[in-house]
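The file final18.csv contains CSV, C-alpha atoms and all ligand atoms:
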chain,number,residue,atom,x,y,z
A,224,MET,CA,0.0,0.0,0.0
A,225,LYS,CA,1.3,3.4,-1.0
A,226,ILE,CA,1.1,6.2,1.5
A,227,GLN,CA,0.9,9.6,-0.1
A,228,MET,CA,1.5,12.6,2.0
A,229,LYS,CA,0.3,16.1,1.0
A,230,ASP,CA,2.8,18.4,2.6
A,231,ASN,CA,1.1,21.7,1.7
A,232,ALA,CA,-1.0,22.3,4.8
A,233,LYS,CA,-3.8,24.8,4.7
A,234,LYS,CA,-3.6,27.7,7.0
A,235,TYR,CA,-6.3,29.2,9.2
A,236,LEU,CA,-6.2,32.3,11.3
A,237,PHE,CA,-8.0,32.9,14.6
A,238,LEU,CA,-8.7,36.6,14.8
A,239,GLY,CA,-10.7,38.7,17.3
A,240,LEU,CA,-10.8,42.1,18.7
A,241,PRO,CA,-9.4,42.5,22.2
A,242,LYS,CA,-11.6,41.0,24.9
A,243,SER,CA,-13.7,39.2,22.4
A,244,GLY,CA,-13.2,35.9,24.3
A,245,LYS,CA,-10.5,34.5,22.0
A,246,THR,CA,-8.4,32.8,24.6
A,247,THR,CA,-11.4,31.1,26.2
A,248,TYR,CA,-12.8,30.0,22.9
A,249,PHE,CA,-9.6,28.9,21.3
A,250,SER,CA,-8.6,26.8,24.4
A,251,LEU,CA,-12.0,25.1,24.6
A,252,MET,CA,-12.0,24.4,20.9
A,253,ALA,CA,-8.5,22.9,20.9
A,254,ASN,CA,-9.4,20.8,23.9
A,255,HIS,CA,-12.6,19.4,22.3
A,256,LEU,CA,-10.8,18.7,19.0
A,257,GLN,CA,-8.1,16.8,20.8
A,258,GLN,CA,-10.7,14.6,22.5
A,259,LEU,CA,-12.5,14.1,19.2
A,260,ALA,CA,-9.3,13.1,17.5
A,261,ASN,CA,-8.5,10.6,20.3
A,262,LYS,CA,-11.8,9.0,19.7
A,263,LYS,CA,-11.5,8.9,15.9
A,264,GLU,CA,-7.8,8.2,15.6
A,265,ASN,CA,-8.1,6.6,12.2
A,266,LYS,CA,-9.8,9.6,10.7
A,267,LEU,CA,-8.4,12.6,12.5
A,268,TYR,CA,-5.3,13.6,14.4
A,269,PHE,CA,-4.5,16.6,16.5
A,270,LYS,CA,-1.1,17.9,17.6
A,271,TYR,CA,0.2,21.1,19.0
A,272,LEU,CA,2.9,22.9,17.1
A,273,PRO,CA,6.0,24.4,18.6
A,274,THR,CA,6.1,28.2,18.9
A,275,MET,CA,9.0,30.1,17.3
A,276,ILE,CA,10.2,33.0,19.4
A,277,PRO,CA,12.7,35.5,18.1
A,278,ASP,CA,15.5,36.4,20.5
A,279,ASN,CA,15.3,40.2,20.8
A,280,SER,CA,17.8,40.3,23.7
A,281,GLN,CA,20.5,42.2,21.8
A,282,ASP,CA,19.4,45.7,21.3
A,283,GLY,CA,16.2,44.7,19.4
A,284,ALA,CA,18.2,42.8,16.8
A,285,GLU,CA,16.5,39.7,15.8
A,286,GLY,CA,19.1,37.1,16.5
A,287,ASN,CA,18.3,33.4,17.0
A,288,ILE,CA,14.9,31.9,16.8
A,289,PHE,CA,14.0,29.7,19.7
A,290,LYS,CA,11.7,26.8,19.2
A,291,THR,CA,9.5,26.3,22.2
A,292,GLU,CA,7.8,22.9,22.1
A,293,ASP,CA,5.2,23.2,24.9
A,294,LEU,CA,4.1,26.8,24.7
A,295,ALA,CA,0.8,26.2,23.0
A,296,SER,CA,-0.2,23.2,25.1
A,297,ASP,CA,0.9,24.9,28.4
A,298,PHE,CA,-1.1,28.0,27.4
A,299,ILE,CA,-4.2,26.0,26.7
A,300,ASP,CA,-3.8,23.7,29.8
A,301,ASP,CA,-3.4,26.8,32.0
A,302,CYS,CA,-6.6,28.3,30.5
A,303,MET,CA,-8.5,25.0,30.9
A,304,ASN,CA,-7.4,24.8,34.5
A,305,ARG,CA,-8.6,28.3,35.3
A,306,LEU,CA,-12.0,27.7,33.6
A,307,SER,CA,-12.6,24.5,35.5
A,308,ASN,CA,-12.0,26.5,38.7
A,309,GLN,CA,-14.6,29.0,37.6
A,310,ARG,CA,-12.0,31.6,36.8
A,311,TRP,CA,-11.4,33.5,33.5
A,312,PRO,CA,-8.1,33.2,31.6
A,313,LYS,CA,-5.4,35.7,32.4
A,314,LYS,CA,-5.6,38.7,30.3
A,315,THR,CA,-3.2,38.1,27.4
A,316,VAL,CA,-0.1,40.3,27.7
A,317,TYR,CA,1.4,41.1,24.3
A,318,LYS,CA,5.0,40.0,24.0
A,319,SER,CA,6.2,40.2,20.4
A,320,SER,CA,4.8,40.0,17.0
A,321,LYS,CA,6.0,36.4,16.7
A,322,GLY,CA,6.1,35.3,20.3
A,323,ASN,CA,2.5,35.3,21.3
A,324,SER,CA,1.4,32.7,18.8
A,325,TYR,CA,-0.2,29.3,19.5
A,326,SER,CA,-0.9,26.8,16.8
A,327,PHE,CA,-2.1,23.3,16.4
A,328,GLU,CA,-2.4,21.0,13.4
A,329,LEU,CA,-5.3,18.8,12.4
A,330,GLY,CA,-5.0,15.9,10.0
A,331,LYS,CA,-7.9,14.5,8.1
A,332,ARG,CA,-7.5,11.1,6.6
A,333,TYR,CA,-8.3,10.7,3.0
A,334,TRP,CA,-8.6,7.7,0.8
A,335,PHE,CA,-7.9,7.6,-2.9
A,336,PHE,CA,-9.0,4.7,-5.0
A,337,LYS,CA,-7.4,4.4,-8.3
A,338,TYR,CA,-4.7,1.9,-9.3
A,339,GLY,CA,-4.9,0.5,-5.8
A,340,ILE,CA,-5.6,2.2,-2.5
A,341,ARG,CA,-3.7,5.2,-1.5
A,342,ILE,CA,-4.2,6.9,1.8
A,343,GLY,CA,-2.8,10.0,3.4
A,344,TRP,CA,-3.6,13.0,5.6
A,345,ASN,CA,-4.8,16.4,4.6
A,346,ARG,CA,-3.2,18.9,7.0
A,347,PHE,CA,-4.7,22.0,8.4
A,348,ILE,CA,-2.9,24.4,10.6
A,349,ILE,CA,-4.8,26.7,12.9
A,350,ASP,CA,-2.9,29.7,14.3
A,351,TYR,CA,-3.9,32.0,17.1
A,352,HIS,CA,-1.8,35.2,17.4
A,353,ASP,CA,-2.5,37.6,20.1
A,354,TYR,CA,-2.4,41.0,18.6
A,355,SER,CA,-2.8,44.1,20.8
A,356,GLY,CA,-5.8,46.4,20.5
A,357,GLU,CA,-3.5,49.1,19.2
A,358,ALA,CA,-2.4,46.8,16.4
A,359,PHE,CA,-6.0,46.4,15.3
A,360,ASP,CA,-6.4,50.1,15.4
A,361,VAL,CA,-3.3,50.7,13.2
A,362,ALA,CA,-4.2,47.9,10.8
A,363,PHE,CA,-7.9,48.5,10.4
A,364,GLY,CA,-9.2,51.2,12.6
A,365,ARG,CA,-8.6,54.8,13.5
A,366,ALA,CA,-4.9,55.4,14.1
A,367,ASP,CA,-5.4,59.1,14.5
A,368,GLY,CA,-5.8,60.1,18.1
A,369,MET,CA,-3.4,57.4,19.3
A,370,ASP,CA,-0.6,58.8,21.4
A,371,ALA,CA,2.3,57.2,19.7
A,372,ILE,CA,2.5,54.4,17.3
A,373,THR,CA,5.7,52.5,18.1
A,374,GLN,CA,7.6,50.3,15.7
A,375,ALA,CA,6.5,47.3,17.7
A,376,ILE,CA,2.8,48.1,17.0
A,377,MET,CA,3.5,48.7,13.3
A,378,ASP,CA,5.3,45.3,13.1
A,379,GLU,CA,2.3,43.6,14.7
A,380,ALA,CA,-0.1,45.3,12.4
A,381,ASN,CA,1.9,44.3,9.4
A,382,ASP,CA,2.3,40.8,10.6
A,383,MET,CA,-1.5,40.5,10.9
A,384,LYS,CA,-2.0,41.8,7.4
A,385,GLU,CA,0.6,39.4,5.9
A,386,ARG,CA,-1.0,36.4,7.6
A,387,ILE,CA,-4.4,37.4,6.3
A,388,MET,CA,-3.0,37.5,2.7
A,389,THR,CA,-1.9,33.9,2.8
A,390,ALA,CA,-4.7,32.3,4.9
A,391,ASP,CA,-7.1,29.8,3.6
A,392,GLY,CA,-9.6,30.6,6.2
A,393,ILE,CA,-10.3,33.1,9.0
A,394,PHE,CA,-12.2,32.5,12.3
A,395,LEU,CA,-13.4,36.0,13.2
A,396,ILE,CA,-14.5,36.1,16.9
A,397,LEU,CA,-16.9,38.8,17.8
A,398,ASP,CA,-18.2,39.7,21.3
A,399,SER,CA,-22.0,39.6,20.6
A,400,ASN,CA,-22.7,41.7,23.6
A,401,GLU,CA,-20.3,44.5,22.6
A,402,LEU,CA,-21.3,44.2,19.0
A,403,PHE,CA,-25.1,44.7,19.6
A,404,ASN,CA,-25.3,46.4,23.0
A,405,GLY,CA,-22.0,48.0,23.5
A,406,VAL,CA,-21.0,51.7,23.6
A,407,GLU,CA,-18.4,51.5,20.9
A,408,THR,CA,-20.5,50.1,18.1
A,409,SER,CA,-19.3,52.7,15.6
A,410,LYS,CA,-15.6,51.8,16.3
A,411,TYR,CA,-16.4,48.1,16.0
A,412,GLY,CA,-18.2,48.7,12.7
A,413,LYS,CA,-15.4,50.6,11.2
A,414,ILE,CA,-12.8,48.0,12.1
A,415,ILE,CA,-14.9,45.2,10.8
A,416,VAL,CA,-15.6,47.0,7.5
A,417,ASN,CA,-11.9,47.8,7.0
A,418,LEU,CA,-11.0,44.2,7.8
A,419,LEU,CA,-13.5,42.8,5.4
A,420,ARG,CA,-12.4,45.3,2.7
A,421,TYR,CA,-8.8,44.1,3.2
A,422,ILE,CA,-9.9,40.5,3.0
A,423,GLN,CA,-11.8,41.2,-0.2
A,424,GLU,CA,-8.9,43.0,-1.8
A,425,LYS,CA,-5.8,41.2,-0.6
A,426,ALA,CA,-6.7,37.7,0.7
A,427,LYS,CA,-6.9,34.5,-1.4
A,428,THR,CA,-10.0,34.6,-3.6
A,429,ASN,CA,-11.6,31.4,-2.2
A,430,ILE,CA,-10.8,32.3,1.5
A,431,LYS,CA,-13.5,31.0,4.0
A,432,LEU,CA,-14.7,33.3,6.7
A,433,ALA,CA,-16.4,32.0,9.8
A,434,VAL,CA,-18.0,34.9,11.6
A,435,ILE,CA,-18.4,33.8,15.2
A,436,PHE,CA,-21.0,35.4,17.4
A,437,ASN,CA,-19.4,34.6,20.7
A,438,LYS,CA,-20.4,34.8,24.4
A,439,LEU,CA,-24.0,34.1,23.6
A,440,GLU,CA,-24.5,32.9,27.3
A,441,LEU,CA,-24.8,36.6,28.0
A,442,PHE,CA,-28.1,36.7,26.1
A,443,ASP,CA,-29.8,34.4,28.6
A,444,GLY,CA,-31.4,32.1,26.0
A,445,VAL,CA,-32.9,34.9,23.9
A,446,LYS,CA,-32.6,33.9,20.3
A,447,ILE,CA,-31.1,36.5,17.9
A,448,ASN,CA,-31.6,36.8,14.2
A,449,PHE,CA,-28.0,37.7,13.4
A,450,LYS,CA,-28.6,38.3,9.7
A,451,SER,CA,-31.2,40.9,10.3
A,452,ARG,CA,-29.3,42.5,13.2
A,453,VAL,CA,-26.1,42.8,11.2
A,454,ARG,CA,-27.9,44.1,8.2
A,455,LYS,CA,-29.6,46.8,10.2
A,456,GLN,CA,-26.8,47.8,12.6
A,457,TYR,CA,-23.8,47.0,10.4
A,458,GLY,CA,-25.1,47.6,6.9
A,459,ASN,CA,-21.7,48.5,5.5
A,460,ALA,CA,-20.1,45.3,6.9
A,461,TYR,CA,-23.0,43.3,5.6
A,462,ALA,CA,-22.5,44.6,2.1
A,463,TYR,CA,-18.9,43.4,2.1
A,464,LEU,CA,-19.8,40.0,3.3
A,465,GLY,CA,-22.0,39.5,0.2
A,466,SER,CA,-18.9,38.9,-2.0
A,467,LEU,CA,-17.1,36.6,0.4
A,468,ASN,CA,-17.5,32.9,1.2
A,469,TYR,CA,-18.7,33.4,4.8
A,470,ARG,CA,-21.0,31.8,7.3
A,471,PHE,CA,-22.4,33.0,10.6
A,472,PHE,CA,-22.0,30.9,13.7
A,473,ASP,CA,-23.6,31.3,17.1
A,474,VAL,CA,-21.5,29.8,19.9
A,475,TYR,CA,-21.8,29.3,23.6
A,476,PRO,CA,-18.3,28.3,24.6
A,477,LEU,CA,-19.3,27.7,28.3
A,478,GLY,CA,-23.0,26.7,27.8
A,479,LYS,CA,-24.0,29.0,30.6
A,480,ILE,CA,-22.5,31.5,33.0
A,481,VAL,CA,-23.1,31.9,36.7
A,482,THR,CA,-23.1,34.9,39.1
A,483,ASN,CA,-20.8,34.5,42.1
A,484,GLU,CA,-21.4,35.9,45.7
A,485,ASP,CA,-19.7,39.2,44.7
A,486,GLY,CA,-22.1,39.7,41.8
A,487,GLY,CA,-19.4,38.9,39.2
A,488,ILE,CA,-20.0,36.7,36.2
A,489,VAL,CA,-17.9,33.5,36.2
A,490,PRO,CA,-17.7,30.2,34.2
A,491,PRO,CA,-20.2,27.5,35.5
A,492,PRO,CA,-19.0,24.6,37.6
A,493,LYS,CA,-19.5,22.2,34.7
A,494,ILE,CA,-18.7,23.6,31.3
A,495,ILE,CA,-20.9,22.2,28.5
A,496,PRO,CA,-20.2,24.2,25.3
A,497,ARG,CA,-22.7,24.5,22.6
A,498,ASN,CA,-21.9,24.7,18.9
A,499,ILE,CA,-18.2,25.1,19.7
A,500,LEU,CA,-16.9,22.9,16.9
A,501,ASP,CA,-19.4,24.1,14.2
A,502,PRO,CA,-17.0,26.7,12.7
A,503,VAL,CA,-14.0,24.4,12.5
A,504,ARG,CA,-16.2,21.6,11.0
A,505,TRP,CA,-17.4,23.9,8.3
A,506,MET,CA,-13.9,25.3,7.7
A,507,ILE,CA,-12.1,22.0,7.1
A,508,GLU,CA,-15.2,19.8,6.3
A,509,PHE,CA,-15.1,16.9,8.7
A,601,LIG,N1,-20.3,34.8,28.5
A,601,LIG,C1,-19.1,34.6,28.2
A,601,LIG,N2,-18.1,35.5,28.5
A,601,LIG,C2,-16.8,35.2,28.2
A,601,LIG,C3,-16.5,34.0,27.4
A,601,LIG,N3,-15.2,34.1,27.2
A,601,LIG,C4,-14.7,35.2,27.8
A,601,LIG,N4,-15.7,35.9,28.4
A,601,LIG,C5,-15.5,37.2,29.1
A,601,LIG,O1,-14.6,37.9,28.3
A,601,LIG,C6,-13.4,38.2,29.0
A,601,LIG,C7,-12.2,38.1,28.1
A,601,LIG,O2,-12.0,36.7,27.8
A,601,LIG,P1,-10.7,36.2,27.1
A,601,LIG,O3,-11.0,34.8,26.6
A,601,LIG,O4,-9.5,36.4,27.9
A,601,LIG,O5,-10.7,37.1,25.8
A,601,LIG,P2,-9.5,37.6,24.9
A,601,LIG,O6,-10.1,38.0,23.6
A,601,LIG,O7,-8.5,36.5,24.8
A,601,LIG,O8,-8.9,38.8,25.7
A,601,LIG,P3,-7.5,39.5,25.5
A,601,LIG,O9,-6.5,38.5,25.3
A,601,LIG,O10,-7.3,40.2,26.9
A,601,LIG,O11,-7.7,40.5,24.4
A,601,LIG,C8,-13.4,37.2,30.2
A,601,LIG,O12,-12.7,37.8,31.3
A,601,LIG,C9,-14.9,37.1,30.4
A,601,LIG,O13,-15.3,38.1,31.2
A,601,LIG,C10,-17.5,33.2,27.1
A,601,LIG,O14,-17.3,32.1,26.4
A,601,LIG,N5,-18.8,33.5,27.4
A,602,MG,MG,-6.4,36.4,25.1
Please express what this file holds, its structure, as structure tokens.
Ligand SMILES: Nc1nc2c(ncn2[C@@H]2O[C@H](COP(=O)(O)OP(=O)(O)OP(=O)(O)O)[C@@H](O)[C@H]2O)c(=O)[nH]1
Ligand SMILES: [Mg+2]
Amino acid sequence: MKIQMKDNAKKYLFLGLPKSGKTTYFSLMANHLQQLANKKENKLYFKYLPTMIPDNSQDGAEGNIFKTEDLASDFIDDCMNRLSNQRWPKKTVYKSSKGNSYSFELGKRYWFFKYGIRIGWNRFIIDYHDYSGEAFDVAFGRADGMDAITQAIMDEANDMKERIMTADGIFLILDSNELFNGVETSKYGKIIVNLLRYIQEKAKTNIKLAVIFNKLELFDGVKINFKSRVRKQYGNAYAYLGSLNYRFFDVYPLGKIVTNEDGGIVPPPKIIPRNILDPVRWMIEF
């Protein structure tokens, strides 16, 4: 039997505005995918990828690149531990344009029947980079009014744009509550429109875009018609979506939320996510 490997993996980006719930969602999604792959080991595999960190210790000169094997799994384990203790993940602190990056690879088995049986794995790499809010502003928002745009922020913004250009798919995480009930909806709208315009102009033509309405636990079971809400409240963004291969997803990463004694909102004692794998299933078709 011949084993055929396709080595050109498809690349997917996990993007979201600051505080949109990226860390929580990404960790839970990775954790669930890993469990699924363990169950279906003939059809699917999951592995964390090492993180490459540039050594900026000498006067900002990019010297050696360090390969850190466990950064992604440590990051996700830490987040899962916090969530299972009814705590939120630590606020992500931006380190460097290449350092704050966590990735995993999914493999999907394929069979090919012609002149005998050939089997192999289609590979998909899902990448989560933590970009600062300022980098989003510089890349897609209003950079005027910002105190100072440092080189580091410029680098981050450029890194984000470059990755979008070569991606096969984007997971765009939106905080539904901020999006529909927040005080900064016009800023949100502007960033989203600019991002969609950039995707339309610069990204691969067949790029897939999963628009994820996140944190739906906050809506307390009230069903929302996202299509009509977006059309009404974010008409410009909606117009751009029309020419893209996109789909809307409503996800409840925690299933529900609870209020603690101090009146704060925390994760529930038992986390039962809803729809959490829908976007990735659509993206890589498994
Ligand atoms: N209801 C609900 N709230 C959430 C969920 N995930 C995160 N939150 C809230 O959003 C906050 C930020 O969550 P993170 O997962 O850290 O979001 P992030 O986008 O990684 O944030 P930064 O890295 O700080 O930009 C948390 O402190 C919670 O208050 C979720 O799944 N459901
Ligand atoms: Mg984060």
At most 10 Å from ligand LIG 601 (chain A) (all atoms listed in the file): residue list as number ranges by chain: A: 238-251, 302, 306, 310-317, 352-356, 396-400, 437-443, 474-481, 487-490, 494, 496, 499
For atom CA of Phe327 of chain A and atom CA of Leu272 of chain A, the interatomic separation in Å (one decimal):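 Straight-line distance from atom CA of Phe327 of chain A to atom CA of Leu272 of chain A works out to 5.1 Å.
The shortest atom-to-atom distance to ligand MG 602 (chain A), with all atoms listed in the file taken into account, belongs to A:Ser324 out of A:Ser324, A:Thr291, A:Ser307, A:Gln258.
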Polymer residues at most 12 Å from Asn448 of chain A, only C-alpha atoms, same-chain spacing of 6 or more positions, as a list in words: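 The neighbour list is Ser399, Phe403, Phe436, Arg454, Lys455, Phe471, Phe472 and Asp473 of chain A.
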From A:Ile299, A:Ile447, A:Ile340, A:Ile372, residue lying nearest ligand MG 602 (chain A) [all atoms listed in the file]: A:Ile299
Interatomic distance, atom CA of Asn404 of chain A to atom CA of Val453 of chain A (Å, one decimal): 12.4 Å
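Neighbouring residues of segment 413-430 of chain A at 9 Å or closer, counting only C-alpha atoms and skipping chain neighbours under 3 positions away, are A:Phe359, A:Asp360, A:Ala362, A:Phe363, A:Gly364, A:Arg365, A:Lys384, A:Ile387, A:Met388, A:Thr389, A:Ala390, A:Asp391, A:Gly392, A:Ile393, A:Thr408, A:Ser409, A:Lys410, A:Tyr457, A:Asn459, A:Ala460, A:Tyr461, A:Tyr463, A:Leu464, A:Ser466, A:Leu467, A:Asn468, A:Tyr469.
With all atoms listed in the file as the basis for measurement, A:Asn323 is the residue among A:Asn308, A:Gln374, A:Asn323, A:Ser296 that approaches ligand MG 602 (chain A) most closely.
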Straight-line distance linking atom CA of Ala253 of chain A with atom CA of Ala295 of chain A, stated in Å to one decimal: 10.1 Å
Which of A:Tyr411, A:Ala433, A:Asn254, A:Phe298 sits closest to ligand MG 602 (chain A) [using only C-alpha atoms and all ligand atoms]: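 Nearest to ligand MG 602 (chain A): A:Phe298.
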Option closest in space to ligand MG 602 (chain A), from A:Tyr268, A:Tyr351, A:Phe449, A:Phe509 [counting only C-alpha atoms and all ligand atoms]: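 Of the candidates, the smallest distance to ligand MG 602 (chain A) is held by A:Tyr351.
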Shell around Ala232 of chain A at 7 Å using all atoms listed in the file, local window under 2 positions removed, as number ranges by chain: A: 230, 234, 346-348
Nearest to ligand MG 602 (chain A) by atom-to-atom distance, counting only C-alpha atoms and all ligand atoms, from A:Pro502, A:Tyr325, A:Leu256, A:Ala371: A:Tyr325
Spatial neighbours of Lys290 of chain A, 9 Å, only C-alpha atoms, chain gap at least 2 places, as a VMD selection string: chain A and resid 273 to 277 288 292
For the residues in that selection, give me C-alpha atoms as an mmCIF file, keeping the file's coordinate frame.
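This is the output file out-v2.cif:
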data_model
loop_
_atom_site.group_PDB
_atom_site.id
_atom_site.type_symbol
_atom_site.label_atom_id
_atom_site.label_comp_id
_atom_site.auth_asym_id
_atom_site.auth_seq_id
_atom_site.Cartn_x
_atom_site.Cartn_y
_atom_site.Cartn_z
ATOM 1 C CA PRO A 273 6.000 24.400 18.600
ATOM 2 C CA THR A 274 6.100 28.200 18.900
ATOM 3 C CA MET A 275 9.000 30.100 17.300
ATOM 4 C CA ILE A 276 10.200 33.000 19.400
ATOM 5 C CA PRO A 277 12.700 35.500 18.100
ATOM 6 C CA ILE A 288 14.900 31.900 16.800
ATOM 7 C CA GLU A 292 7.800 22.900 22.100
#
